[in-house]
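See below for run24.cif, which holds mmCIF, C-alpha atoms.
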data_run
loop_
_atom_site.label_atom_id
_atom_site.label_comp_id
_atom_site.auth_asym_id
_atom_site.auth_seq_id
_atom_site.Cartn_x
_atom_site.Cartn_y
_atom_site.Cartn_z
CA MET A 264 -22.24 5.26 57.88
CA SER A 265 -25.68 3.64 57.76
CA LYS A 266 -28.69 5.64 56.70
CA LEU A 267 -30.75 7.04 59.54
CA VAL A 268 -34.13 6.33 58.05
CA ALA A 269 -37.46 5.40 59.59
CA LEU A 270 -40.69 4.42 57.87
CA CYS A 271 -43.78 6.57 58.16
CA PRO A 272 -46.39 4.58 60.14
CA GLU A 273 -49.11 6.04 57.95
CA CYS A 274 -47.81 5.43 54.42
CA GLU A 275 -44.40 3.74 54.79
CA ALA A 276 -42.50 6.55 53.12
CA GLU A 277 -38.87 6.85 54.15
CA ILE A 278 -38.28 9.53 56.78
CA ASP A 279 -34.74 10.90 56.95
CA LEU A 280 -33.76 11.31 60.60
CA GLN A 281 -30.27 12.65 59.96
CA ASN A 282 -29.56 15.53 62.35
CA ARG A 283 -32.86 15.01 64.19
CA LEU A 284 -33.42 14.62 67.92
CA VAL A 285 -35.66 12.28 69.87
CA GLY A 286 -38.92 14.08 70.57
CA GLU A 287 -38.59 16.36 67.55
CA ILE A 288 -41.57 16.73 65.23
CA VAL A 289 -40.96 15.92 61.56
CA TYR A 290 -43.27 15.65 58.57
CA CYS A 291 -43.72 12.82 56.12
CA PRO A 292 -42.80 13.97 52.60
CA ASP A 293 -45.53 11.83 51.05
CA CYS A 294 -48.60 11.96 53.28
CA ASN A 295 -47.65 15.02 55.33
CA ALA A 296 -48.28 13.17 58.57
CA GLU A 297 -46.94 14.93 61.65
CA LEU A 298 -44.49 12.53 63.24
CA GLU A 299 -42.57 12.42 66.47
CA VAL A 300 -39.07 10.99 66.47
CA THR A 301 -39.15 8.23 69.09
CA ASN A 302 -35.84 6.46 68.60
CA LEU A 303 -32.60 7.20 66.79
CA GLU A 304 -30.63 4.06 67.64
CA GLN A 305 -33.28 1.94 65.96
CA PRO A 306 -34.77 4.70 63.81
CA ALA A 307 -38.47 5.07 64.52
CA VAL A 308 -41.19 7.67 64.40
CA ALA A 309 -44.77 7.70 65.65
CA LEU A 310 -47.81 9.68 64.67
CA ALA A 311 -47.80 12.85 66.72
CA PRO A 312 -50.93 13.71 68.70
CA ARG A 313 -52.98 16.26 66.83
CA VAL A 314 -56.14 18.27 67.14
CA GLU A 315 -58.65 17.10 64.54
CA GLU A 316 -59.71 19.69 62.04
CA ASP A 317 -63.43 20.29 61.82
CA TRP A 318 -64.42 20.11 58.19
CA GLY A 319 -68.11 20.40 59.09
CA GLU A 320 -70.93 19.52 56.78
CA MET B 25 -30.50 15.72 13.95
CA SER B 26 -32.79 18.34 12.47
CA GLN B 27 -36.06 19.17 14.13
CA VAL B 28 -39.09 16.98 13.55
CA ARG B 29 -41.60 18.79 11.34
CA VAL B 30 -45.16 18.51 12.55
CA ALA B 31 -48.50 19.71 11.23
CA ILE B 32 -51.79 20.06 13.03
CA VAL B 33 -55.13 19.40 11.33
CA GLY B 34 -58.22 20.83 12.96
CA GLY B 35 -56.21 23.77 14.22
CA SER B 36 -59.01 25.95 15.48
CA GLY B 37 -60.05 23.80 18.46
CA TYR B 38 -58.93 23.87 22.05
CA THR B 39 -56.76 20.77 21.85
CA ALA B 40 -54.97 22.17 18.81
CA GLY B 41 -54.39 25.44 20.63
CA GLU B 42 -52.96 23.54 23.53
CA LEU B 43 -50.74 21.48 21.24
CA LEU B 44 -49.43 24.68 19.67
CA ARG B 45 -48.72 26.16 23.09
CA LEU B 46 -46.65 23.10 23.96
CA LEU B 47 -44.94 22.46 20.65
CA LEU B 48 -43.85 26.07 20.15
CA PHE B 49 -41.47 25.54 23.08
CA HIS B 50 -40.53 21.94 22.30
CA PRO B 51 -36.81 21.85 21.47
CA GLU B 52 -37.06 18.97 18.99
CA VAL B 53 -40.09 20.13 17.03
CA GLU B 54 -40.82 22.61 14.26
CA ILE B 55 -44.45 23.43 13.51
CA ALA B 56 -44.76 23.40 9.73
CA GLN B 57 -48.49 23.91 9.15
CA VAL B 58 -51.71 24.42 11.04
CA VAL B 59 -54.80 23.46 9.07
CA SER B 60 -58.29 24.82 9.48
CA SER B 61 -60.96 24.60 6.80
CA SER B 62 -63.09 27.28 8.43
CA HIS B 63 -60.32 29.76 9.26
CA ALA B 64 -57.85 29.37 6.40
CA GLY B 65 -55.80 32.53 5.90
CA GLN B 66 -56.34 33.85 9.42
CA TYR B 67 -53.51 34.14 11.89
CA VAL B 68 -53.31 31.31 14.39
CA HIS B 69 -53.27 33.80 17.24
CA SER B 70 -56.64 35.15 16.13
CA LEU B 71 -58.20 32.00 17.60
CA HIS B 72 -55.51 31.16 20.15
CA PRO B 73 -54.83 34.62 21.59
CA ASN B 74 -52.33 33.37 24.17
CA LEU B 75 -50.00 32.65 21.25
CA ARG B 76 -49.79 36.25 19.99
CA LYS B 77 -46.18 37.21 19.29
CA LEU B 78 -45.21 33.56 19.73
CA CYS B 79 -46.65 32.06 16.56
CA GLY B 80 -46.65 33.90 13.23
CA LEU B 81 -48.33 31.09 11.32
CA ARG B 82 -51.62 31.41 9.48
CA PHE B 83 -54.13 28.60 9.19
CA CYS B 84 -53.91 26.89 5.83
CA HIS B 85 -56.62 25.13 3.85
CA PRO B 86 -56.78 21.32 4.07
CA ASP B 87 -55.90 21.07 0.39
CA GLU B 88 -52.57 22.78 1.13
CA LEU B 89 -51.50 20.20 3.70
CA ALA B 90 -48.03 18.94 2.76
CA ALA B 91 -45.91 16.00 3.81
CA CYS B 92 -44.32 16.20 7.25
CA ASP B 93 -42.83 13.95 9.90
CA VAL B 94 -45.72 13.89 12.34
CA LEU B 95 -49.35 14.79 11.78
CA PHE B 96 -51.58 15.64 14.72
CA LEU B 97 -55.29 15.29 14.01
CA CYS B 98 -57.53 17.43 16.22
CA LEU B 99 -60.74 16.86 14.32
CA PRO B 100 -64.23 16.14 15.61
CA HIS B 101 -64.95 12.51 16.41
CA GLY B 102 -65.81 10.53 13.30
CA THR B 103 -63.88 12.79 10.94
CA ALA B 104 -60.29 11.54 11.00
CA MET B 105 -61.24 7.96 10.19
CA GLN B 106 -62.93 9.09 6.96
CA SER B 107 -59.67 10.46 5.53
CA ILE B 108 -57.08 8.52 7.48
CA GLU B 109 -55.46 7.02 4.37
CA ARG B 110 -54.69 10.45 2.97
CA TYR B 111 -53.27 11.62 6.29
CA ARG B 112 -51.11 8.52 6.63
CA SER B 113 -49.77 9.06 3.12
CA LEU B 114 -48.52 12.48 4.22
CA ALA B 115 -46.75 11.51 7.42
CA PRO B 116 -45.09 8.35 8.76
CA VAL B 117 -46.48 9.08 12.22
CA VAL B 118 -50.07 10.16 12.80
CA ILE B 119 -51.39 11.07 16.25
CA ASP B 120 -55.17 11.30 16.25
CA LEU B 121 -56.62 13.02 19.30
CA SER B 122 -60.19 12.08 18.48
CA ALA B 123 -61.97 8.91 19.60
CA ASP B 124 -61.70 7.29 16.18
CA PHE B 125 -58.83 4.90 16.89
CA ARG B 126 -58.94 4.43 20.64
CA LEU B 127 -60.55 1.01 20.65
CA ARG B 128 -58.88 -2.17 19.37
CA SER B 129 -62.07 -4.13 18.87
CA PRO B 130 -64.47 -3.24 16.02
CA ASP B 131 -67.26 -4.83 18.05
CA LEU B 132 -66.51 -2.67 21.07
CA TYR B 133 -66.43 0.37 18.80
CA ALA B 134 -69.78 -0.49 17.23
CA ARG B 135 -71.35 -1.09 20.63
CA TRP B 136 -70.28 2.23 22.12
CA TYR B 137 -70.29 4.48 19.06
CA GLY B 138 -73.39 3.07 17.40
CA GLN B 139 -71.82 2.55 14.00
CA THR B 140 -69.50 0.22 12.17
CA HIS B 141 -65.93 1.47 12.01
CA PRO B 142 -64.90 2.14 8.39
CA GLN B 143 -61.26 1.12 9.00
CA PRO B 144 -61.45 -1.92 11.28
CA LYS B 145 -57.97 -3.16 10.33
CA LEU B 146 -56.45 0.09 11.54
CA LEU B 147 -58.04 -0.36 14.95
CA ALA B 148 -55.76 -3.32 15.51
CA GLU B 149 -52.73 -1.36 14.35
CA ALA B 150 -53.29 1.85 16.34
CA VAL B 151 -51.67 2.19 19.74
CA TYR B 152 -53.69 3.58 22.64
CA GLY B 153 -51.59 6.64 23.38
CA LEU B 154 -51.20 6.35 27.13
CA PRO B 155 -47.45 6.17 27.81
CA GLU B 156 -47.88 4.82 31.33
CA LEU B 157 -49.45 1.67 29.86
CA HIS B 158 -48.14 1.46 26.30
CA ARG B 159 -44.66 2.94 26.36
CA GLN B 160 -43.01 0.08 24.47
CA GLU B 161 -45.62 -0.05 21.72
CA LEU B 162 -45.49 3.70 21.25
CA ARG B 163 -41.80 3.56 20.35
CA GLU B 164 -42.66 1.78 17.09
CA ALA B 165 -46.13 3.17 16.44
CA ALA B 166 -47.20 4.71 13.15
CA LEU B 167 -50.76 5.45 14.27
CA ILE B 168 -51.28 6.69 17.81
CA SER B 169 -54.67 7.43 19.29
CA GLY B 170 -55.39 10.11 21.80
CA THR B 171 -57.10 9.07 25.01
CA GLY B 172 -60.38 10.23 26.50
CA CYS B 173 -59.81 12.75 29.27
CA MET B 174 -62.06 11.08 31.83
CA ALA B 175 -60.94 7.64 30.72
CA THR B 176 -57.31 8.65 31.19
CA ALA B 177 -57.88 9.74 34.76
CA ALA B 178 -59.91 6.65 35.61
CA ILE B 179 -57.51 4.20 33.96
CA LEU B 180 -54.45 5.72 35.61
CA GLY B 181 -56.23 5.74 38.95
CA LEU B 182 -57.33 2.12 38.75
CA ALA B 183 -54.57 0.45 36.73
CA PRO B 184 -52.41 -0.63 39.69
CA LEU B 185 -55.36 -2.44 41.28
CA TYR B 186 -56.34 -4.31 38.12
CA ARG B 187 -52.76 -5.18 37.24
CA ALA B 188 -52.26 -6.64 40.71
CA GLY B 189 -55.49 -8.66 40.53
CA LEU B 190 -56.89 -7.01 43.63
CA VAL B 191 -60.36 -6.12 42.32
CA GLU B 192 -63.43 -8.20 43.14
CA PRO B 193 -64.99 -8.66 39.67
CA ARG B 194 -68.35 -9.81 41.03
CA LEU B 195 -69.00 -6.35 42.42
CA PRO B 196 -69.43 -3.26 40.25
CA LEU B 197 -66.85 -0.64 39.47
CA VAL B 198 -68.54 2.73 39.96
CA VAL B 199 -66.85 5.75 38.37
CA ASP B 200 -68.15 9.27 38.78
CA ALA B 201 -66.49 11.87 36.56
CA LYS B 202 -66.73 15.61 36.98
CA VAL B 203 -65.51 17.65 34.05
CA GLY B 204 -65.04 21.25 33.01
CA SER B 205 -66.59 23.02 30.05
CA SER B 206 -63.57 22.94 27.71
CA ALA B 207 -64.02 19.18 27.37
CA ALA B 208 -67.07 19.95 25.24
CA GLY B 209 -64.88 21.62 22.63
CA ALA B 210 -64.68 25.05 21.07
CA THR B 211 -67.95 24.92 19.17
CA PRO B 212 -70.68 26.63 21.19
CA GLY B 213 -74.15 25.18 21.69
CA PRO B 214 -77.24 25.82 23.78
CA GLY B 215 -75.72 23.91 26.68
CA SER B 216 -72.63 26.11 26.68
CA HIS B 217 -74.50 29.41 26.56
CA HIS B 218 -73.12 31.34 29.53
CA PRO B 219 -76.34 31.90 31.50
CA ASP B 220 -77.05 28.18 31.32
CA ARG B 221 -73.55 26.78 31.68
CA SER B 222 -72.24 29.12 34.35
CA GLY B 223 -72.68 27.70 37.83
CA ALA B 224 -73.90 24.37 36.48
CA VAL B 225 -73.50 21.04 38.21
CA ARG B 226 -75.13 19.12 35.40
CA SER B 227 -75.43 15.38 34.94
CA PHE B 228 -74.95 15.14 31.20
CA GLN B 229 -74.30 11.42 30.78
CA PRO B 230 -75.34 9.32 33.76
CA THR B 231 -75.14 6.16 31.62
CA GLY B 232 -73.69 5.16 28.30
CA HIS B 233 -70.65 7.43 28.22
CA ARG B 234 -68.24 6.36 25.50
CA HIS B 235 -65.20 6.65 27.71
CA SER B 236 -66.54 3.53 29.43
CA ALA B 237 -65.27 1.56 26.45
CA GLU B 238 -61.71 2.71 27.08
CA LEU B 239 -61.90 1.50 30.67
CA ILE B 240 -63.26 -1.84 29.51
CA GLN B 241 -60.43 -2.19 27.00
CA GLU B 242 -57.51 -1.04 29.12
CA LEU B 243 -58.49 -2.29 32.57
CA GLY B 244 -59.74 -5.53 31.06
CA ALA B 245 -56.35 -6.09 29.43
CA LEU B 246 -54.57 -5.38 32.70
CA ALA B 247 -56.83 -7.85 34.47
CA GLY B 248 -55.65 -10.43 31.98
CA GLY B 249 -58.67 -11.12 29.87
CA THR B 250 -62.14 -10.16 28.81
CA TRP B 251 -63.96 -7.59 30.90
CA GLN B 252 -66.58 -9.33 33.05
CA GLN B 253 -67.32 -6.69 35.65
CA THR B 254 -70.28 -4.34 35.84
CA LEU B 255 -69.09 -0.82 35.07
CA ALA B 256 -71.20 2.14 36.16
CA PHE B 257 -69.71 5.30 34.69
CA SER B 258 -71.43 8.65 35.03
CA ALA B 259 -70.33 12.11 33.94
CA THR B 260 -71.21 15.49 35.39
CA ALA B 261 -70.37 18.93 34.03
CA VAL B 262 -69.18 21.29 36.75
CA GLU B 263 -68.10 24.89 37.11
CA LEU B 264 -64.60 24.58 35.68
CA VAL B 265 -63.11 25.56 32.35
CA ARG B 266 -60.34 22.97 32.61
CA GLY B 267 -60.29 19.93 34.81
CA VAL B 268 -61.43 16.39 35.45
CA LEU B 269 -61.96 14.76 38.81
CA ILE B 270 -62.71 11.06 38.92
CA THR B 271 -64.10 9.42 42.03
CA ALA B 272 -64.04 5.67 41.54
CA GLN B 273 -65.50 3.13 43.95
CA VAL B 274 -63.98 -0.28 43.65
CA PHE B 275 -64.26 -3.34 45.85
CA LEU B 276 -61.17 -5.35 46.67
CA ASN B 277 -60.90 -9.13 46.85
CA ALA B 278 -58.62 -9.18 49.88
CA ASP B 279 -58.23 -7.49 53.23
CA LEU B 280 -55.64 -4.79 52.73
CA ASP B 281 -54.64 -1.86 54.86
CA GLU B 282 -53.82 1.60 53.60
CA ARG B 283 -50.10 1.01 53.79
CA ALA B 284 -50.46 -1.87 51.37
CA ILE B 285 -52.33 0.41 48.98
CA TRP B 286 -49.60 3.02 49.36
CA ARG B 287 -47.00 0.37 48.51
CA LEU B 288 -48.95 -0.71 45.46
CA TYR B 289 -49.33 2.79 44.02
CA ARG B 290 -45.84 3.86 44.97
CA GLU B 291 -44.39 0.84 43.19
CA ALA B 292 -46.59 1.36 40.13
CA TYR B 293 -45.82 5.02 39.64
CA ARG B 294 -42.47 5.69 41.30
CA ASP B 295 -40.73 6.31 37.98
CA GLU B 296 -43.61 8.00 36.18
CA PRO B 297 -42.83 11.69 35.68
CA PHE B 298 -46.44 12.84 35.50
CA ILE B 299 -48.15 10.72 38.13
CA ARG B 300 -48.22 12.02 41.69
CA LEU B 301 -49.75 10.47 44.77
CA VAL B 302 -51.78 12.95 46.77
CA LYS B 303 -53.11 11.74 50.07
CA GLU B 304 -52.26 13.93 52.99
CA ARG B 305 -53.36 13.81 56.59
CA SER B 306 -53.77 17.55 56.89
CA GLY B 307 -53.98 20.72 54.87
CA VAL B 308 -56.32 21.92 52.14
CA TYR B 309 -55.13 19.82 49.21
CA ARG B 310 -55.45 16.43 50.89
CA TYR B 311 -56.68 14.69 47.78
CA PRO B 312 -56.27 15.26 44.05
CA GLU B 313 -57.85 18.46 42.85
CA PRO B 314 -57.90 19.63 39.22
CA LYS B 315 -57.80 23.31 40.12
CA ILE B 316 -54.03 23.35 40.64
CA LEU B 317 -53.33 21.17 37.61
CA ALA B 318 -54.57 23.61 34.97
CA GLY B 319 -52.01 23.82 32.19
CA SER B 320 -49.85 21.03 33.60
CA ASN B 321 -49.46 17.46 32.40
CA TYR B 322 -49.79 15.89 35.82
CA CYS B 323 -52.34 13.33 36.86
CA ASP B 324 -52.72 13.36 40.64
CA LEU B 325 -53.99 10.20 42.31
CA GLY B 326 -55.32 9.60 45.79
CA PHE B 327 -57.35 7.03 47.65
CA GLU B 328 -59.17 6.26 50.87
CA LEU B 329 -59.94 2.80 52.14
CA ASP B 330 -63.17 1.68 53.80
CA ALA B 331 -61.63 -1.47 55.17
CA SER B 332 -64.83 -2.80 56.71
CA GLN B 333 -66.37 -3.17 53.24
CA ARG B 334 -63.13 -3.71 51.30
CA ARG B 335 -64.23 -0.57 49.44
CA LEU B 336 -61.51 1.60 47.99
CA VAL B 337 -62.32 5.12 46.80
CA VAL B 338 -59.82 6.25 44.20
CA MET B 339 -59.58 9.89 43.19
CA ALA B 340 -57.81 11.06 40.03
CA ALA B 341 -57.46 14.61 38.75
CA LEU B 342 -56.01 16.12 35.60
CA ASP B 343 -56.40 18.95 33.11
CA ASN B 344 -58.60 17.58 30.35
CA LEU B 345 -56.76 19.59 27.69
CA MET B 346 -53.35 18.49 28.96
CA LYS B 347 -52.92 14.99 30.41
CA GLY B 348 -56.41 14.37 29.07
CA ALA B 349 -55.53 15.40 25.49
CA ALA B 350 -52.71 17.57 24.11
CA GLY B 351 -50.17 17.12 26.88
CA ASN B 352 -50.59 13.38 26.79
CA ALA B 353 -50.22 13.47 23.00
CA VAL B 354 -46.93 15.35 23.33
CA GLN B 355 -45.78 12.82 25.92
CA ALA B 356 -46.65 10.07 23.42
CA LEU B 357 -44.71 11.96 20.74
CA ASN B 358 -41.71 12.09 23.07
CA CYS B 359 -42.01 8.34 23.59
CA ARG B 360 -42.27 7.71 19.88
CA PHE B 361 -39.03 9.54 19.14
CA GLY B 362 -37.14 8.33 22.17
CA TRP B 363 -36.90 11.77 23.76
CA SER B 364 -37.26 12.51 27.44
CA GLU B 365 -40.98 12.23 28.15
CA THR B 366 -41.02 15.56 29.93
CA LEU B 367 -39.80 17.60 26.94
CA GLY B 368 -42.14 20.54 26.45
CA LEU B 369 -44.22 19.50 29.43
CA THR B 370 -42.48 20.90 32.47
CA PHE B 371 -44.99 23.62 33.38
CA PRO B 372 -45.97 22.84 36.99
CA GLY B 373 -49.33 24.60 37.08
CA LEU B 374 -50.30 27.67 39.08
CA HIS B 375 -51.01 28.26 42.72
CA PRO B 376 -53.03 30.12 43.68
CA ILE B 377 -55.28 30.14 40.67
#
For this file, produce the structure as structure tokens.
Amino acid sequence: MSKLVALCPECEAEIDLQNRLVGEIVYCPDCNAELEVTNLEQPAVALAPRVEEDWGE
Amino acid sequence: MSQVRVAIVGGSGYTAGELLRLLLFHPEVEIAQVVSSSHAGQYVHSLHPNLRKLCGLRFCHPDELAACDVLFLCLPHGTAMQSIERYRSLAPVVIDLSADFRLRSPDLYARWYGQTHPQPKLLAEAVYGLPELHRQELREAALISGTGCMATAAILGLAPLYRAGLVEPRLPLVVDAKVGSSAAGATPGPGSHHPDRSGAVRSFQPTGHRHSAELIQELGALAGGTWQQTLAFSATAVELVRGVLITAQVFLNADLDERAIWRLYREAYRDEPFIRLVKERSGVYRYPEPKILAGSNYCDLGFELDASQRRLVVMAALDNLMKGAAGNAVQALNCRFGWSETLGLTFPGLHPI
């Protein structure tokens, strides 16, 4: 069985999509990016929309 | 195989205390002697109170130092090189944590330390004790130098870029180092008096810091030749007991995106047990921070790219007494004897702290 792995669009870390569903939110183990599973047949994830944190001045 | 017998000279200082803390739990090492001229006869735990009930040794006088397998020198800069022949006659492996044998070139030493080195031939023989760069040489080394704490962080942070030939040498390398008070050693002075030191953010060496020489040597070698670049290194004392944070600004010679930088660093450090990449899109600890590294041997590296200027900001954090001194020396010892590099160094740090 082939690995169900996508690359993080932010840092190219491998994202394991085993037992995931399309639309599910996962996190990159390296850069902690919040990612949405967009495809399982051709494993792919995309950066999930997020509210920017305000780090102020 | 029986345990390797080690002795520590200059046992009263912070780096010696840290070495003791590590070596007391190292499965391959027995601590035979701890030498201190100023505290001979006193219990080791009288100066290193965290070692009470763990270490029953007393400091011995330098004249009592006997032969052993490995000798760690934790003496003030300029001291070890005066008596190095005696120390080398007592042990087949000497690891000197001072700055005395860090530089290969006598000229570079004279330029940055303002004096002629008394043992120039030994400079060529000593191995710069950074396992990430000199692992093979360390396996055969008889004289191993410690590495400067700020230099270690900067070199580890920048090495992948210089090795890959990605730095624009016609533009300066700017390195800002922030460092905690323990890097100044255990001997108090006016600058370390609590009312003056506490709360300080103090530029103590905006130019001319000697760790610059280690960057010139190590990054220059990685770049494949003589150092030609302008290096602007500045050091600032901050409100930490332990810790170094380097912020380096370097200009690249090609248009790269952040994923390419990730690939470069991931490839360079994938198999290194003590190097971690820290660059997160969210959370508190997005970039390297020395606070959570206290007591650990990790060096955390991060970066951020200003693509419009080809400017890469590299951050590197470590504990100056650990990866910046004693921990790195133990890692070099592990290399020298062919042991797992993580032996005695598995403490992960504390959080919160």
Check your understanding: Selected by the PyMOL selection byres ((chain B) within 6 of (chain A)) in the shown coordinates: which residues, as number ranges by chain?
Key -> B: 283, 286, 303-305
**Study point:** Residue contacts of Leu44 in chain B (10 Å, only C-alpha atoms) excluding same-chain residues fewer than 2 positions away, as a PyMOL selection string
**Key:** chain B and resi 31-32+35+38-42+46-50+55+58+68+72+75+78-79+350
Check your understanding: Taking into account all atoms listed in the file, which residue in the set B:Leu342, B:Ser122, B:Gln241, B:Ser216 is nearest to Glu263 in chain B?
Key -> B:Ser216
Go through the shown structure with the PyMOL selection byres ((chain A and resi 281) around 9) and write out the matching residues as a short mmCIF file (atom, residue, chain, number, x, y, z; two decimals) with C-alpha atoms, in the coordinates of the input.
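Final output, saved to expr.cif:
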data_model
loop_
_atom_site.label_atom_id
_atom_site.label_comp_id
_atom_site.auth_asym_id
_atom_site.auth_seq_id
_atom_site.Cartn_x
_atom_site.Cartn_y
_atom_site.Cartn_z
CA LYS A 266 -28.69 5.64 56.70
CA LEU A 267 -30.75 7.04 59.54
CA VAL A 268 -34.13 6.33 58.05
CA ASP A 279 -34.74 10.90 56.95
CA LEU A 280 -33.76 11.31 60.60
CA ASN A 282 -29.56 15.53 62.35
CA ARG A 283 -32.86 15.01 64.19
CA LEU A 284 -33.42 14.62 67.92
#
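For the set B:Phe83, B:Phe275, B:Phe228, B:Tyr111, the residue with the smallest atom-to-atom gap to His63 in chain B is B:Phe83, counting all atoms listed in the file.
For the structure shown here, the set of residues caught by the PyMOL selection byres ((chain B and resi 90) around 12) is Arg29, Val30, Ala31, Ile32, Val33, Ala56, Gln57, Val58, Val59, Cys84, His85, Pro86, Asp87, Glu88, Leu89, Ala91, Cys92, Asp93, Val94, Leu95, Arg110, Tyr111, Arg112, Ser113, Leu114 and Ala115 of chain B.
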Point to revise | Between CA of Asp343 in chain B and CA of Ala284 in chain B - distance in Å to one decimal | key: 28.3 Å
Revision key, fill the gap. note - CA of Met105 in chain B and CA of Ser61 in chain B are separated by 17.0 Å
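In this structure, CA of Phe361 in chain B sits 15.8 Å away from CA of Ser169 in chain B.
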**Study point:** Near-Ala309 in chain A list (7 Å; only C-alpha atoms; drop same-chain fewer than 3 positions) as JSON, numbers by chain
**Key:** {"A": [272, 298, 299, 300, 301]}
Those same residues - C-alpha atoms - I'd like them written as a tab-separated table (two decimals), keeping the file's coordinate frame.
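Okay, again-v5.tsv is ready:
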chain	number	residue	atom	x	y	z
A	272	PRO	CA	-46.39	4.58	60.14
A	298	LEU	CA	-44.49	12.53	63.24
A	299	GLU	CA	-42.57	12.42	66.47
A	300	VAL	CA	-39.07	10.99	66.47
A	301	THR	CA	-39.15	8.23	69.09
Check your understanding: Excluding same-chain residues fewer than 5 positions from His141 in chain B, what lies within 7 Å of it counting only C-alpha atoms, as a PyMOL selection string?
Key -> chain B and resi 130+133-134
Pull out range 156-210 of chain B, keep C-alpha atoms, and write it as a PDB file, in the first residue's frame.
ATOM      1  CA  GLU B 156      28.499  19.107  13.628  1.00  0.00           C
ATOM      2  CA  LEU B 157      31.449  20.378  11.580  1.00  0.00           C
ATOM      3  CA  HIS B 158      34.425  18.309  12.733  1.00  0.00           C
ATOM      4  CA  ARG B 159      33.067  14.904  13.642  1.00  0.00           C
ATOM      5  CA  GLN B 160      35.649  12.933  11.664  1.00  0.00           C
ATOM      6  CA  GLU B 161      38.630  14.868  12.996  1.00  0.00           C
ATOM      7  CA  LEU B 162      37.396  14.556  16.557  1.00  0.00           C
ATOM      8  CA  ARG B 163      37.550  10.765  16.383  1.00  0.00           C
ATOM      9  CA  GLU B 164      41.357  10.917  16.235  1.00  0.00           C
ATOM     10  CA  ALA B 165      41.986  14.125  18.159  1.00  0.00           C
ATOM     11  CA  ALA B 166      44.429  14.404  21.039  1.00  0.00           C
ATOM     12  CA  LEU B 167      43.803  18.113  21.650  1.00  0.00           C
ATOM     13  CA  ILE B 168      40.247  19.374  21.346  1.00  0.00           C
ATOM     14  CA  SER B 169      39.269  22.989  21.787  1.00  0.00           C
ATOM     15  CA  GLY B 170      36.039  24.197  23.232  1.00  0.00           C
ATOM     16  CA  THR B 171      33.988  26.599  21.154  1.00  0.00           C
ATOM     17  CA  GLY B 172      32.800  30.099  21.954  1.00  0.00           C
ATOM     18  CA  CYS B 173      29.164  30.109  23.007  1.00  0.00           C
ATOM     19  CA  MET B 174      28.062  32.902  20.687  1.00  0.00           C
ATOM     20  CA  ALA B 175      30.310  31.639  17.925  1.00  0.00           C
ATOM     21  CA  THR B 176      28.767  28.181  18.224  1.00  0.00           C
ATOM     22  CA  ALA B 177      25.261  29.511  17.773  1.00  0.00           C
ATOM     23  CA  ALA B 178      26.236  31.743  14.865  1.00  0.00           C
ATOM     24  CA  ILE B 179      28.289  29.089  13.076  1.00  0.00           C
ATOM     25  CA  LEU B 180      25.587  26.440  13.408  1.00  0.00           C
ATOM     26  CA  GLY B 181      22.975  28.912  12.232  1.00  0.00           C
ATOM     27  CA  LEU B 182      24.932  30.023   9.175  1.00  0.00           C
ATOM     28  CA  ALA B 183      26.903  26.914   8.199  1.00  0.00           C
ATOM     29  CA  PRO B 184      24.351  25.486   5.739  1.00  0.00           C
ATOM     30  CA  LEU B 185      24.299  28.758   3.788  1.00  0.00           C
ATOM     31  CA  TYR B 186      28.077  29.054   3.529  1.00  0.00           C
ATOM     32  CA  ARG B 187      28.542  25.381   2.704  1.00  0.00           C
ATOM     33  CA  ALA B 188      26.024  25.697  -0.119  1.00  0.00           C
ATOM     34  CA  GLY B 189      27.674  28.842  -1.488  1.00  0.00           C
ATOM     35  CA  LEU B 190      24.501  30.865  -1.138  1.00  0.00           C
ATOM     36  CA  VAL B 191      25.932  33.938   0.610  1.00  0.00           C
ATOM     37  CA  GLU B 192      26.692  37.154  -1.256  1.00  0.00           C
ATOM     38  CA  PRO B 193      30.245  37.919  -0.046  1.00  0.00           C
ATOM     39  CA  ARG B 194      30.196  41.516  -1.265  1.00  0.00           C
ATOM     40  CA  LEU B 195      27.592  42.386   1.348  1.00  0.00           C
ATOM     41  CA  PRO B 196      28.253  42.257   5.086  1.00  0.00           C
ATOM     42  CA  LEU B 197      27.312  39.520   7.476  1.00  0.00           C
ATOM     43  CA  VAL B 198      25.750  41.199  10.508  1.00  0.00           C
ATOM     44  CA  VAL B 199      25.520  39.141  13.695  1.00  0.00           C
ATOM     45  CA  ASP B 200      23.883  40.424  16.852  1.00  0.00           C
ATOM     46  CA  ALA B 201      24.400  38.262  19.929  1.00  0.00           C
ATOM     47  CA  LYS B 202      22.454  38.507  23.157  1.00  0.00           C
ATOM     48  CA  VAL B 203      23.924  36.628  26.073  1.00  0.00           C
ATOM     49  CA  GLY B 204      23.194  35.856  29.705  1.00  0.00           C
ATOM     50  CA  SER B 205      25.334  36.677  32.710  1.00  0.00           C
ATOM     51  CA  SER B 206      26.846  33.217  33.272  1.00  0.00           C
ATOM     52  CA  ALA B 207      28.866  33.655  30.076  1.00  0.00           C
ATOM     53  CA  ALA B 208      30.992  36.141  32.011  1.00  0.00           C
ATOM     54  CA  GLY B 209      32.150  33.386  34.349  1.00  0.00           C
ATOM     55  CA  ALA B 210      32.004  32.775  38.072  1.00  0.00           C
TER      56      ALA B 210
END
